[in-house]
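Novice: If you scroll down you'll find the structure; I have some questions about it.
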Amino acid sequence: MENLENFRKDTKAWLEENCPPEMRKPMGPGDVVWGGRDCKFPHPDAKLWLERMGEKGWTCPTWPKEYGGGGLSFDENKILQEELMAVRARPALSSFGIWMLGPALLEFASEEQKKKYIPDIVKGKIRWCQGYSEPGSGSDLASLKTKAEDKGDHFLVNGQKVWTSYADDCDMIFTLVRTGPLEPKHDGISFLLIDMDQPGVTTKPIKLISGKSPFCETFFDDAVVPKENLISDLNKGWDVAKRLLQHERNMIAGMGLGGGSSSKKKKDQPVSSGMATMAKTYAGEENGKLADPALRQKIASFDINSHAFSLTLKRASEESKLSNSGPSPASSMFKYYGSESNKLRYELMLEAMGTKALGWEGEGFGPAELAITREWLRTKANSIEGGTSEVQLNIIAKRVLDLPQ
Amino acid sequence: MENLENFRKDTKAWLEENCPPEMRKPMGPGDVVWGGRDCKFPHPDAKLWLERMGEKGWTCPTWPKEYGGGGLSFDENKILQEELMAVRARPALSSFGIWMLGPALLEFASEEQKKKYIPDIVKGKIRWCQGYSEPGSGSDLASLKTKAEDKGDHFLVNGQKVWTSYADDCDMIFTLVRTGPLEPKHDGISFLLIDMDQPGVTTKPIKLISGKSPFCETFFDDAVVPKENLISDLNKGWDVAKRLLQHERNMIAGMGLGGGSSSKKKKDQPVSSGMATMAKTYAGEENGKLADPALRQKIASFDINSHAFSLTLKRASEESKLSNSGPSPASSMFKYYGSESNKLRYELMLEAMGTKALGWEGEGFGPAELAITREWLRTKANSIEGGTSEVQLNIIAKRVLDLPQ
Amino acid sequence: MSLILNEEQIFLKDSAKKFAAEKTPTKHFREIRDSEISNCYDEKVWSEMVSLGWTGILVPEEYGGSNFGVAGISSILEELGRTLTPSPLFSTAVVGVSLIKHANEEIKKEILSKVVQTGLKLSFAIEESNRHAPLNISCLAEKAGEDYIIKGEKSFVLDGGFADKFIVATRTSKNPGDKTGISLFIIDSDSKGLEVTPTKMVDSRNAANIKFNEVKVHSSRMIGDEGQGFEVIESVLDISRAAISAEMLGGALEAYEITIDYLKEREQFGSKIGSFQALQHRAAIMFSELELCKSCVVESITSFDEGGNDSERLASLAKAKVGEVFHLISNESVQMHGGVGVTDEYDIGLYLKRARVAEQIFGNSDYHKNRYAELTGY
Amino acid sequence: MSLILNEEQIFLKDSAKKFAAEKTPTKHFREIRDSEISNCYDEKVWSEMVSLGWTGILVPEEYGGSNFGVAGISSILEELGRTLTPSPLFSTAVVGVSLIKHANEEIKKEILSKVVQTGLKLSFAIEESNRHAPLNISCLAEKAGEDYIIKGEKSFVLDGGFADKFIVATRTSKNPGDKTGISLFIIDSDSKGLEVTPTKMVDSRNAANIKFNEVKVHSSRMIGDEGQGFEVIESVLDISRAAISAEMLGGALEAYEITIDYLKEREQFGSKIGSFQALQHRAAIMFSELELCKSCVVESITSFDEGGNDSERLASLAKAKVGEVFHLISNESVQMHGGVGVTDEYDIGLYLKRARVAEQIFGNSDYHKNRYAELTGY
């Protein structure tokens, strides 16, 4: 404990000295630092901040020091996060390398590969995107067809990926490719890192119903990939994929939590419901009650479920701490419920706002109103991306309920 | 048309003379005449009425005269029904023989069989029950196991049927039995008529969650059945069964129609909703509105759907008249929606009545209240009997939507 | 009430189906949407609709129309709804014409004949808040000699961005919420003081916000009697609700059929996804709900022409039911399409957008459930 | 608020689970139901509960109780709810004891010790209409010297048919609907003028209708101050709502588990019916909803013991949510059982019946949604 107190003191002091004033201001949407070879910094201080944090490995605080990580313990990291919060420091780096690839490399890559790739992730030198889904393989990811042909010292990759976020701005892509037979489909898949700075790789943005999106299609046309870019064994990529998908599911499940849930009652403070407050603005109130009784009932149902859901996430985390277990198949329930709940949240907002929620662009609507409309459309993808709701229900039935197949 | 007017005149006169006064009074629950060898008549006039109607064949007005039916045309029968209604005549006979077996015999039986069985159905001499389902075969009716062994001039039947209505009061049972192999399961089924007045046939009433019921289990233990009791060809009973099931489905679909639907607006009459009127009694009203806004909204939804559903039945019948087609696979939709709607009707009544709907028997509740509670429980079987809702949805998906299997 | 269309109505429906297939498939909607035309309708297509006589379907023969009735125009709208055909047909030929029919002889002669012959475009300015509330009218019309001076604002004015004439619901007496004291005026779109701000909706249609900066209108341009506008409004709204329900039914049917086709075609895990029982049951439920919608719509649209005395209630019933089902179908359709369902490339998302806008036109489902309950006496 | 039970609570839950398995499986419930005992509880089982100390769990140690808290007794009720154990435990040890705890020292000493030691049975007479309305009290208590004379009627008095003592909510001033003017009295079941009519409910439990024909009660038998009863009532009701939610959760979990087992075992069309995807998805949704219920219940029952300041809202949340889910599960369970599900022979229908009665105890789901919204300020 004494050590931890020292760590807190040191951290405080370091941040005081090294976190630039500009980096303590609230972030705008354009202020995210994604790293990469051609990294664009919104401000010179952002560059400084990334360099300093990267140097200490604090962009990835708990990763091993030998690969450039911070090497912090669980408790130390908790302190670091608290102190970062205390000075309202912006994240120095946002990166799919940190969120997705890094943990997979730490678990599955060779020593040489770890040395080569992880430090660059920590420092934000390379911007990564993920290439799993293909036009023909949505829920049935393992039916993927992008092919990597063995050409002696390299693979020749041909095929197409979809839903590759920010692919048009990325340096490298981590992909699942087929190196073996189509059947049994899980056995012929490999996990490959591909440099996108070559003529054989091209990207095309995907327009969504909500408008522009960070998603792209990525095409491989005789893309050349050195053999040493294979992670784990040949044809063993599905193990890596499963781990990554589970991780992704947990991330997305969290989305069901924001906004609409009624806040916890604080001593002597009135309780409130974000959704209801908003609804009152648009639908009016009578004697303190939301004027539209049908809408009021729906919001109460939503708030109750939303509260129950976040409570369940909390309970699951308390229980898993207690039993020291990793993510359970019940994470499918969180993915399912969280994304369905988020869709419902926006449907209710639309209902509350009436015609004010029907704008696309231009005059007549406030920016917040237009943003809600776009986000409403965006939420329709929540129950599809990272495994559809149907797939989650299948998983629950199979793995949790143990129903016959 | 002149003939029809004559027919109306004659019918009117005949009814005037032959329908006994007692038979023009409203019926109580014990007043149904089921016929049979030991037929119990609630009143001597009921016997007279059955004899007279049976003599004319008007218990089965459209069946051929040669088998004792009335031999009436579609239009003549319409007139007969109108005139029966006009004098408020009670049905002379209620019978599964009329509703189910008769039409099947007319379509599938031999000339000899028709002569033997149909006149007795018309006159109510034999009381029939149906024996399809077995404990092991619910939705999967064709997997039935009750076995009829060929013993030369007769079959020996062993096995068990469930859901045989009124079996303990019936004379004969029409059954599906296995006379061939278990696989392919549809090919080894025969349609057999079994006399229940023999030691090899016993029955046991089934108690439901709603209390006593007309349903029984019926056991066959070396029951003897003469060969001539086989209807249609050996192992061809499934064709008969399919026709009977379709018929049953249509009958049950109609149940979604009663009670709760709001009545049609008549000129200068206020419109009304039976459910809402009842709800007002129990939940109160404020300024003419049902006091509980959540309940009010639910009842409005129910009334709207209920109206739309009966309208759809009507539209389907208009359309089928137009195209001169028989019952379509869409009858599954009526069975599905009708039974689900009826369940919902009773759930809403329960909700409206609050604790008044929670009685089982004895003091503290009105007879109508107790009846609603029992009927609420009884409706739970609506979406199971005559093909579950799940089976109906399967049929719609397959036959109407033509989705891949 | 007939639940089956008559020959005339079937003919109109078939013509519209053919028209939509040839002239306005969803590609047509996309082209307009992605063009610089902010009006979201195509002049050429509009002219063709006019020359087919569609703008005159509710117009009595003496003014050059065919008087084919609400069921006629609604059947057309149902087919056009299938391909999301953008046009001022609903605003002009249903809402506008129905309003003008309550005006005096002179106005009818003038305006109805132009609607029939030249496709004069009408638009109804009624809403003032973010939800349908036909009684809550505070837009003021003050008498000044032979004129009225209109002050106030209107929003969600359908097709208001390019209308030739507006019919405006104003208050000439009493307070917002009162059934009397509402008067209707016809205003030219180039009137002085009229400030029209077109808005671009999520379904890429056009609606407008309108400001009346002391717009002067002659008292002869009033529809019906002063203060008696509400009765006209309610009867026109009911016709319009029935007609828009038909359009929504068309959209829902098309979205459903596109999805059923997709279920038959898309493979996952080595099978067509339409063979998965969970999707089959959801599809079968959609089928059932649509059957109910068809019945409600046909009953509602024929009730006006057959002089039924329950049209208000049937209109609310249809709008409530179809609104809910289009909502369900549009959500289910996108979900069943999976990833491609949320891309702009596929049509299915367009129905999702249209469903939500149409849902709000002249009262959403909850509004009409409430109204249905009121009209039924509870 | 802890979302995990502590060791003590887990111990109580485990004991109750064992008790229910050994002494009160559903067979026990059936035996009582089908016997001539109209009371619907078994004296011997009740004695055993008393000797296990369950009636004293909410009783402070000074009166012989264990003070193990709301979470403790609720955990027991959850397990007893699984086997539909009929007993006066809820009425006595939760509702009754919580009410008596607000009485004066003398009463507490007298009654609480008897509850703990001899299983004295208490029952709360509050409802007067067919739906929960704790403010609508018109049962009158008029002062007459040292006594009060009670006139009026009560209904749906849980376990009222065999209670030893009633706690009655009466009006001593003001009008029905007023928060003040309500007073609570303790009445012996053999009081003169007390007319108890037991009613037999659909779940085979006992409730009673009670008539007070000028029942005389001494003023010393009042709980708390005159006219201040409502605050006591609300706080006791919230504890009771949380506890009954736990019982309902137990019933829902058991019905769900019975059904999942049935899905794994029953064959149709040559496959286990649990392999049909449509049923799998519905089962997975039931699982998800039950996970949410578990969280609500544990939060609500621990909030009282941990001195949370949001207990009212959490109690309404739990009752609303669990009520809805038990409703869903009981319907789905019967349907998934098919034909046997509607026979009396199978247990599953018993849960359907219990679900509807429990739903109505101290406010159904809509009542609590409404209350939740009010407490949240909308």
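Please note that chains go A, B, ... in the order of the structure tokens, that every chain numbers its residues from 1, and that ligands are numbered from 1 in the order shown.
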Could you list the residues in chain C lying within 7 Å of chain A, using only C-alpha atoms, and format the result as an MDAnalysis selection string?
Specialist: chainID C and resid 130:131 156 199:202 209 268:269 338:339 342:344 349 357 360 366
Novice: Residues of chain D were defined as contacting chain C if any atom lay at most 10 Å from it, counting only C-alpha atoms; please report them as a ChimeraX atom specification.
Specialist: /D:276-282
Novice: Give me the residues within 9 Å of Pro60 of chain D as a ChimeraX atom specification, counting only C-alpha atoms and dropping any in the same chain fewer than 6 places off.
Specialist: /D:66-68,101,112
Novice: Write the residues of the preceding selection, restricted to C-alpha atoms, as a compact mmCIF listing (two decimals), in the first residue's frame.
Specialist:
# COMPACT_ATOMS: atom_id res chain seq x y z
CA SER D 66 -32.43 -12.36 14.77
CA ASN D 67 -32.73 -9.07 12.89
CA PHE D 68 -31.28 -10.69 9.77
CA LYS D 101 -42.28 -2.56 14.66
CA LEU D 112 -43.29 -9.70 18.40
Novice: May I have all residues of segment 102-308 of chain A that DSSP, computed from the backbone, assigns to strand (DSSP E), given as a ChimeraX atom specification?
Specialist: /A:128-131,147-150,154-165,172-178,189-195,201-205,215-226,230-231,285-286,289-290
Novice: Show which residues sit within 8 Å of Gly69 of chain B, as an MDAnalysis selection string. Count only C-alpha atoms, and ignore same-chain residues fewer than 5 positions away.
Specialist: chainID B and resid 56:64 119 122
Novice: Extract, using only C-alpha atoms, all DNA, RNA and protein residues at most 10 Å from segment 78-95 of chain A, discarding same-chain residues fewer than 6 positions from it, and format them as a VMD selection string.
Specialist: chain A and resid 4 to 5 7 to 9 11 to 13 15 to 16 19 to 27 31 to 36 46 to 54 58 to 61 72 101 to 102 121 to 124 126 to 129
Novice: I need the residue nearest chain B from this list: A:Ala291, A:Pro367, A:Glu319, A:Pro184. Use only C-alpha atoms for the distance.
Specialist: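 Using only C-alpha atoms, chain B sits closest to A:Ala291.
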Novice: Can you tell me how far atom CA of Glu231 of chain C sits from atom CA of Gly274 of chain B, in Å to one decimal?
Specialist: 29.0 Å
Novice: Write out as a PyMOL selection string the set of residues from segment 123-342 of chain D that DSSP, computed on the backbone, places in helix (DSSP H, G or I).
Specialist: chain D and resi 160-162+219-221+229-265+273-275+277-305+311-342
Novice: Considering only C-alpha atoms, return as an mmCIF file with N, CA and C atoms, in the first residue's frame whatever protein or nucleic-acid residues lie within 8 Å of Arg249 of chain B, sequence-local ones (same chain, fewer than 4 positions apart) excluded.
Specialist:
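The new file around12.cif reads:
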data_model
loop_
_atom_site.group_PDB
_atom_site.id
_atom_site.type_symbol
_atom_site.label_atom_id
_atom_site.label_comp_id
_atom_site.auth_asym_id
_atom_site.auth_seq_id
_atom_site.Cartn_x
_atom_site.Cartn_y
_atom_site.Cartn_z
ATOM 1 N N LEU B 245 -58.273 -32.008 -39.814
ATOM 2 C CA LEU B 245 -57.525 -31.001 -39.052
ATOM 3 C C LEU B 245 -57.755 -29.606 -39.600
ATOM 4 N N ALA B 253 -60.458 -21.004 -35.229
ATOM 5 C CA ALA B 253 -60.076 -19.642 -35.583
ATOM 6 C C ALA B 253 -61.171 -18.651 -35.223
ATOM 7 N N SER B 331 -55.661 -20.084 -43.552
ATOM 8 C CA SER B 331 -56.499 -20.411 -42.406
ATOM 9 C C SER B 331 -55.629 -20.633 -41.181
ATOM 10 N N SER B 332 -54.363 -20.985 -41.389
ATOM 11 C CA SER B 332 -53.434 -21.094 -40.265
ATOM 12 C C SER B 332 -53.242 -19.754 -39.584
ATOM 13 N N LYS B 335 -56.235 -19.299 -37.359
ATOM 14 C CA LYS B 335 -56.110 -20.106 -36.153
ATOM 15 C C LYS B 335 -55.100 -19.462 -35.201
ATOM 16 N N GLY B 386 -55.897 -28.170 -31.607
ATOM 17 C CA GLY B 386 -56.126 -27.965 -33.045
ATOM 18 C C GLY B 386 -54.884 -27.475 -33.765
ATOM 19 N N GLY B 387 -53.710 -27.777 -33.226
ATOM 20 C CA GLY B 387 -52.455 -27.309 -33.832
ATOM 21 C C GLY B 387 -51.945 -26.088 -33.096
#
Novice: Which residues are near Thr172 of chain C? Cut-off 6 Å, only C-alpha atoms, ignore same chain within fewer than 5 positions. Put them as an NGL selection string.
Specialist: :C and (141 or 181-182)
Novice: Keeping only N, CA and C atoms, write the selected residues as a PDB file, in the first residue's frame.
Specialist:
ATOM      1  N   ALA C 141     -55.612  35.185 -37.442  1.00  0.00           N
ATOM      2  CA  ALA C 141     -56.087  35.941 -38.609  1.00  0.00           C
ATOM      3  C   ALA C 141     -57.010  37.040 -38.093  1.00  0.00           C
ATOM      4  N   GLY C 181     -63.847  28.902 -33.680  1.00  0.00           N
ATOM      5  CA  GLY C 181     -62.912  30.019 -33.805  1.00  0.00           C
ATOM      6  C   GLY C 181     -61.773  29.741 -34.761  1.00  0.00           C
ATOM      7  N   ILE C 182     -61.864  28.631 -35.474  1.00  0.00           N
ATOM      8  CA  ILE C 182     -60.813  28.299 -36.441  1.00  0.00           C
ATOM      9  C   ILE C 182     -61.333  28.575 -37.852  1.00  0.00           C
TER      10      ILE C 182
END
